[in-house]
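Participant: Below is the structure I would like to discuss, written out as structure tokens.
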Amino acid sequence: MHPFRAALETTDMDAAVALLADDVVFRSPVVFKAFEGREAVAPILRAVGQVLEDVVFVRDIVSEDGVDHSLLFHAHVGDKKIEGSNFFHVDESGAVSELVVMVRPFTATLALREAMIAQFAAAGINITA
């Protein structure tokens with residue numbers, strides 16, 4: 001198991017952030033623009049740790065060379081059941097250099113977006129751009 005998965009499973013977002021490359025690129029399921037750099041991605045991971053409930057990883061698909069991972073998960077956002085995948089790539093040092101999240105169904109995606117917007121609004125951060 002990659003340490004990033006272990007950090008996500010235990011909702012240890014500080015550990016997850018520490019595993020990000022300085023120049024990590026994150027593509028969100030609810031925002032068009034990619035987020036670049038650990039400083040930009042860290043508050044998103046921390047907010048996700050607050051928003052997603054009952055996260056269970058159901059499958060971990062790893063490329064033969066171990067640099068590409070797909071973590072399939074189930075969770076809840078409020079009363080909505082959400083299914084998703086965290087796709088991540090690790091660089092030569094083992095740091096997560098790219099992270100792409102996809103979720104379904106659409107109603108749960110909307111609930112996730114609203115919950116994330118609320119988390120960031122409370123912190124004075126606008127992610128809707």
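Letters for chains follow the order of the structure tokens (A, B, ...), residue numbers begin at 1 for each chain, and ligand numbers begin at 1 in the order shown.
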Could you list, as a list in words, every residue within 6 Å of segment 99-115 of chain A, counting only C-alpha atoms and ignoring same-chain residues fewer than 5 positions away?
Facilitator: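 My reading of the contact set: Phe26, Arg27, Ser28, Pro29, Val30, Lys80, Ile82, Glu83, Gly84, Ser85, Asn86, Phe87 and Phe88 of chain A.
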Participant: Include all heavy atoms and write out the residues we just selected as an mmCIF file, in the first residue's frame.
Facilitator:
```cif
data_model
loop_
_atom_site.group_PDB
_atom_site.id
_atom_site.type_symbol
_atom_site.label_atom_id
_atom_site.label_comp_id
_atom_site.auth_asym_id
_atom_site.auth_seq_id
_atom_site.Cartn_x
_atom_site.Cartn_y
_atom_site.Cartn_z
ATOM 1 N N PHE A 26 -3.267 19.149 -9.096
ATOM 2 C CA PHE A 26 -4.506 18.515 -8.665
ATOM 3 C C PHE A 26 -5.638 18.945 -9.584
ATOM 4 O O PHE A 26 -5.852 20.132 -9.794
ATOM 5 C CB PHE A 26 -4.830 18.897 -7.223
ATOM 6 C CG PHE A 26 -6.208 18.477 -6.788
ATOM 7 C CD1 PHE A 26 -6.532 17.131 -6.672
ATOM 8 C CD2 PHE A 26 -7.172 19.417 -6.501
ATOM 9 C CE1 PHE A 26 -7.807 16.743 -6.272
ATOM 10 C CE2 PHE A 26 -8.443 19.041 -6.096
ATOM 11 C CZ PHE A 26 -8.762 17.698 -5.985
ATOM 12 N N ARG A 27 -6.364 17.952 -10.110
ATOM 13 C CA ARG A 27 -7.543 18.213 -10.935
ATOM 14 C C ARG A 27 -8.769 17.737 -10.150
ATOM 15 O O ARG A 27 -8.910 16.567 -9.837
ATOM 16 C CB ARG A 27 -7.420 17.508 -12.275
ATOM 17 C CG ARG A 27 -6.355 18.153 -13.137
ATOM 18 C CD ARG A 27 -6.151 17.424 -14.465
ATOM 19 N NE ARG A 27 -5.123 18.080 -15.254
ATOM 20 C CZ ARG A 27 -3.813 17.935 -15.076
ATOM 21 N NH1 ARG A 27 -3.371 17.163 -14.117
ATOM 22 N NH2 ARG A 27 -2.955 18.557 -15.849
ATOM 23 N N SER A 28 -9.627 18.690 -9.877
ATOM 24 C CA SER A 28 -10.808 18.472 -9.053
ATOM 25 C C SER A 28 -11.994 17.998 -9.888
ATOM 26 O O SER A 28 -12.116 18.372 -11.051
ATOM 27 C CB SER A 28 -11.169 19.809 -8.384
ATOM 28 O OG SER A 28 -12.473 19.775 -7.853
ATOM 29 N N PRO A 29 -12.903 17.241 -9.272
ATOM 30 C CA PRO A 29 -14.111 16.853 -9.999
ATOM 31 C C PRO A 29 -15.134 17.980 -10.100
ATOM 32 O O PRO A 29 -16.100 17.869 -10.831
ATOM 33 C CB PRO A 29 -14.663 15.699 -9.165
ATOM 34 C CG PRO A 29 -14.188 15.986 -7.785
ATOM 35 C CD PRO A 29 -12.830 16.629 -7.955
ATOM 36 N N VAL A 30 -14.929 19.064 -9.369
ATOM 37 C CA VAL A 30 -15.960 20.113 -9.314
ATOM 38 C C VAL A 30 -15.477 21.504 -9.722
ATOM 39 O O VAL A 30 -16.264 22.436 -9.736
ATOM 40 C CB VAL A 30 -16.607 20.175 -7.905
ATOM 41 C CG1 VAL A 30 -17.328 18.876 -7.593
ATOM 42 C CG2 VAL A 30 -15.588 20.496 -6.840
ATOM 43 N N LYS A 80 -25.957 11.956 0.802
ATOM 44 C CA LYS A 80 -25.678 11.444 -0.543
ATOM 45 C C LYS A 80 -24.536 10.447 -0.512
ATOM 46 O O LYS A 80 -23.468 10.717 0.037
ATOM 47 C CB LYS A 80 -25.293 12.575 -1.503
ATOM 48 C CG LYS A 80 -26.320 13.675 -1.651
ATOM 49 C CD LYS A 80 -27.510 13.202 -2.430
ATOM 50 C CE LYS A 80 -28.444 14.379 -2.658
ATOM 51 N NZ LYS A 80 -29.778 13.971 -2.943
ATOM 52 N N ILE A 82 -21.585 8.668 -2.391
ATOM 53 C CA ILE A 82 -20.710 9.061 -3.487
ATOM 54 C C ILE A 82 -19.734 7.930 -3.769
ATOM 55 O O ILE A 82 -19.295 7.237 -2.852
ATOM 56 C CB ILE A 82 -19.990 10.391 -3.155
ATOM 57 C CG1 ILE A 82 -19.336 10.998 -4.375
ATOM 58 C CG2 ILE A 82 -19.007 10.227 -2.028
ATOM 59 C CD1 ILE A 82 -18.936 12.458 -4.179
ATOM 60 N N GLU A 83 -19.448 7.718 -5.043
ATOM 61 C CA GLU A 83 -18.435 6.764 -5.464
ATOM 62 C C GLU A 83 -17.387 7.549 -6.221
ATOM 63 O O GLU A 83 -17.716 8.487 -6.951
ATOM 64 C CB GLU A 83 -19.029 5.700 -6.395
ATOM 65 C CG GLU A 83 -20.085 4.847 -5.749
ATOM 66 C CD GLU A 83 -20.720 3.885 -6.743
ATOM 67 O OE1 GLU A 83 -20.504 4.028 -7.968
ATOM 68 O OE2 GLU A 83 -21.431 2.993 -6.290
ATOM 69 N N GLY A 84 -16.133 7.165 -6.055
ATOM 70 C CA GLY A 84 -15.107 7.924 -6.749
ATOM 71 C C GLY A 84 -13.809 7.173 -6.908
ATOM 72 O O GLY A 84 -13.650 6.044 -6.439
ATOM 73 N N SER A 85 -12.920 7.846 -7.601
ATOM 74 C CA SER A 85 -11.557 7.347 -7.804
ATOM 75 C C SER A 85 -10.579 8.481 -7.599
ATOM 76 O O SER A 85 -10.805 9.599 -8.071
ATOM 77 C CB SER A 85 -11.376 6.810 -9.219
ATOM 78 O OG SER A 85 -12.067 5.619 -9.390
ATOM 79 N N ASN A 86 -9.522 8.167 -6.878
ATOM 80 C CA ASN A 86 -8.371 9.057 -6.777
ATOM 81 C C ASN A 86 -7.290 8.455 -7.670
ATOM 82 O O ASN A 86 -6.812 7.359 -7.391
ATOM 83 C CB ASN A 86 -7.833 9.119 -5.342
ATOM 84 C CG ASN A 86 -8.803 9.730 -4.381
ATOM 85 O OD1 ASN A 86 -9.471 10.698 -4.694
ATOM 86 N ND2 ASN A 86 -8.918 9.153 -3.209
ATOM 87 N N PHE A 87 -6.962 9.136 -8.733
ATOM 88 C CA PHE A 87 -5.875 8.703 -9.601
ATOM 89 C C PHE A 87 -4.656 9.522 -9.219
ATOM 90 O O PHE A 87 -4.732 10.754 -9.201
ATOM 91 C CB PHE A 87 -6.211 8.967 -11.074
ATOM 92 C CG PHE A 87 -7.443 8.258 -11.556
ATOM 93 C CD1 PHE A 87 -8.670 8.909 -11.598
ATOM 94 C CD2 PHE A 87 -7.382 6.940 -11.971
ATOM 95 C CE1 PHE A 87 -9.803 8.263 -12.045
ATOM 96 C CE2 PHE A 87 -8.507 6.279 -12.422
ATOM 97 C CZ PHE A 87 -9.728 6.942 -12.463
ATOM 98 N N PHE A 88 -3.559 8.851 -8.894
ATOM 99 C CA PHE A 88 -2.371 9.634 -8.591
ATOM 100 C C PHE A 88 -1.127 9.009 -9.191
ATOM 101 O O PHE A 88 -1.047 7.805 -9.404
ATOM 102 C CB PHE A 88 -2.225 9.916 -7.089
ATOM 103 C CG PHE A 88 -1.944 8.735 -6.206
ATOM 104 C CD1 PHE A 88 -0.643 8.396 -5.873
ATOM 105 C CD2 PHE A 88 -2.979 7.992 -5.664
ATOM 106 C CE1 PHE A 88 -0.374 7.337 -5.028
ATOM 107 C CE2 PHE A 88 -2.725 6.925 -4.817
ATOM 108 C CZ PHE A 88 -1.414 6.594 -4.500
#
```
Participant: For the atom pair atom CA of Asp60 of chain A and atom CA of Phe4 of chain A, what is the interatomic distance in Å to one decimal place?
Facilitator: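 Separating atom CA of Asp60 of chain A from atom CA of Phe4 of chain A is a distance of 11.6 Å.
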Participant: Restricting the calculation to only C-alpha atoms: of A:Val51, A:Met1, A:Ala34, A:Ala40, which residue gets closest to Asp22 of chain A?
Facilitator: A:Ala40
Participant: What parts of chain A does DSSP call strand (DSSP E or B)? I'd like the answer as a ChimeraX atom specification.
Facilitator: /A:20-27,35-36,53-62,68-77,80-90,96-104
Participant: What separation in Å, quoted to one decimal, exists between atom CA of Val96 of chain A and atom CA of Ala75 of chain A?
Facilitator: 22.3 Å
